[in-house]
Amino acid sequence: RLPDNVTDVEREDFVNQLRSHFDPQEYITLETATLEASAGLAAKGIQYFFMFVAVLQITLDFFMLWVAFTSNVKNNSWEFGVLRSLGLSMQRTLRAYIYEALALVLTAFFLGAIVGIGLAVTLAMQFNLFLELPFSFAFPTQLFIMVFVCAVFAAVAGSYIPARQLRGVGIANVLKGNTF
């Protein structure tokens, strides 16, 4: 084992000298510091790739949610008019649509996270069992928080934008179906 204060050039020179003294057919000389740095760089690259895919997926989910809620608002505009005629303000009615979207998205998010974590732990345990390695599980906290924030934003924006189309329409026109 080399001391911690050895420079990279000294480390590389030492490893090259070791390799020249041993037969490469019988012995393998590995520099763990370089391997560890390479593995860390690969893990970071994979993490960034997953973040990119997650943002792309949330963007697609936003548009899907927007289309679904546009259809929902058009199909349920009569219910919207009934709620307005019962005395709910426009803000409260919009808030009800947003709460519905949040309930759907957050339920799907947390159930998906629970199933995904359970599956990941199970597969990691099985993999480590076959290779006789100790179990280790690194939770991607940064990715989890980023996807959560994006999902909440997509839920709010994807439900507010279609529902606000009924903002300027009178209650009687909504009940008659003259909304769009």
# chains A, B, ... in the order shown; residues from 1 in each chain; ligands from 1
>>> closest_atom_pairs(of="region 119-174 of chain A", to="region 56-66 of chain A", cutoff="8 Å", atoms="only C-alpha atoms", output="Markdown table")
| residue | atom | partner | partner_atom | distance |
| --- | --- | --- | --- | --- |
| A:Val147 | CA | A:Ile58 | CA | 7.5 |
| A:Cys150 | CA | A:Ile58 | CA | 6.6 |
| A:Ala151 | CA | A:Ile58 | CA | 6.5 |
| A:Ala154 | CA | A:Phe62 | CA | 4.9 |
| A:Ala155 | CA | A:Phe62 | CA | 7.1 |
| A:Ala157 | CA | A:Trp66 | CA | 7.8 |
| A:Gly158 | CA | A:Trp66 | CA | 4.3 |
| A:Ser159 | CA | A:Trp66 | CA | 6.3 |
| A:Ile161 | CA | A:Trp66 | CA | 7.4 |
| A:Pro162 | CA | A:Trp66 | CA | 6.8 |
>>> residues_around(residues="region 76-92 of chain A", least_positions_apart="6", cutoff="9 Å", atoms="only C-alpha atoms", output="VMD selection string")
chain A and resid 164 166 to 167 170 to 177 179
>>> residues_around(residues="Leu106 (chain A)", least_positions_apart="5", cutoff="10 Å", atoms="only C-alpha atoms", output="ChimeraX atom specification")
/A:101,111-112,148,151-152,155
>>> residues_around(residues="Ala113 (chain A)", least_positions_apart="6", cutoff="10 Å", atoms="only C-alpha atoms", output="list in words")
Thr107, Leu119 and Phe144 of chain A
>>> write_last_selection(atoms="C-alpha atoms", output="PDB file, in the first residue's frame")
ATOM      1  CA  THR A 107     -50.064   8.439  -5.784  1.00  0.00           C
ATOM      2  CA  LEU A 119     -37.447  -4.431  -7.145  1.00  0.00           C
ATOM      3  CA  PHE A 144     -35.628  11.151  -6.756  1.00  0.00           C
TER       4      PHE A 144
END
>>> closest_residue(among="A:Val73, A:Ala124, A:Ile46, A:Ala39", to="Ile98 (chain A)", atoms="only C-alpha atoms")
A:Val73
>>> residues_around(residues="Leu30 (chain A)", least_positions_apart="5", cutoff="12 Å", atoms="only C-alpha atoms", output="ChimeraX atom specification")
/A:1,11-12,14-16,18-19,24,35-36
>>> write_last_selection(atoms="C-alpha atoms", output="PDB file, in the first residue's frame")
ATOM      1  CA  ARG A   1       0.000   0.000   0.000  1.00  0.00           C
ATOM      2  CA  ARG A  11       2.047   6.176  -8.364  1.00  0.00           C
ATOM      3  CA  GLU A  12       2.130   5.469 -12.108  1.00  0.00           C
ATOM      4  CA  PHE A  14       5.717   2.639  -9.153  1.00  0.00           C
ATOM      5  CA  VAL A  15       3.043   0.542 -10.873  1.00  0.00           C
ATOM      6  CA  ASN A  16       5.085   0.450 -14.094  1.00  0.00           C
ATOM      7  CA  LEU A  18       6.098  -3.429 -10.467  1.00  0.00           C
ATOM      8  CA  ARG A  19       4.772  -4.597 -13.819  1.00  0.00           C
ATOM      9  CA  PRO A  24       2.151 -10.672 -16.721  1.00  0.00           C
ATOM     10  CA  LEU A  35      -9.901   2.116 -11.239  1.00  0.00           C
ATOM     11  CA  GLU A  36     -11.851   3.817  -8.445  1.00  0.00           C
TER      12      GLU A  36
END
>>> closest_residue(among="A:Thr141, A:Gln165, A:Asn5, A:Thr29", to="Met51 (chain A)", atoms="only C-alpha atoms")
A:Thr141
>>> select_by_dssp(residues="chain A", states="helix (DSSP H, G or I)", output="ChimeraX atom specification")
/A:8-21,32-75,77-85,90-131,141-166,171-176
>>> atom_distance(atom1="CA of Val121 (chain A)", atom2="CA of Leu133 (chain A)")
14.0 Å
>>> atom_distance(atom1="CA of Phe50 (chain A)", atom2="CA of Leu143 (chain A)")
7.7 Å
>>> closest_residue(among="A:Val53, A:Ala163, A:Val149, A:Val169", to="Lys74 (chain A)", atoms="only C-alpha atoms")
A:Ala163
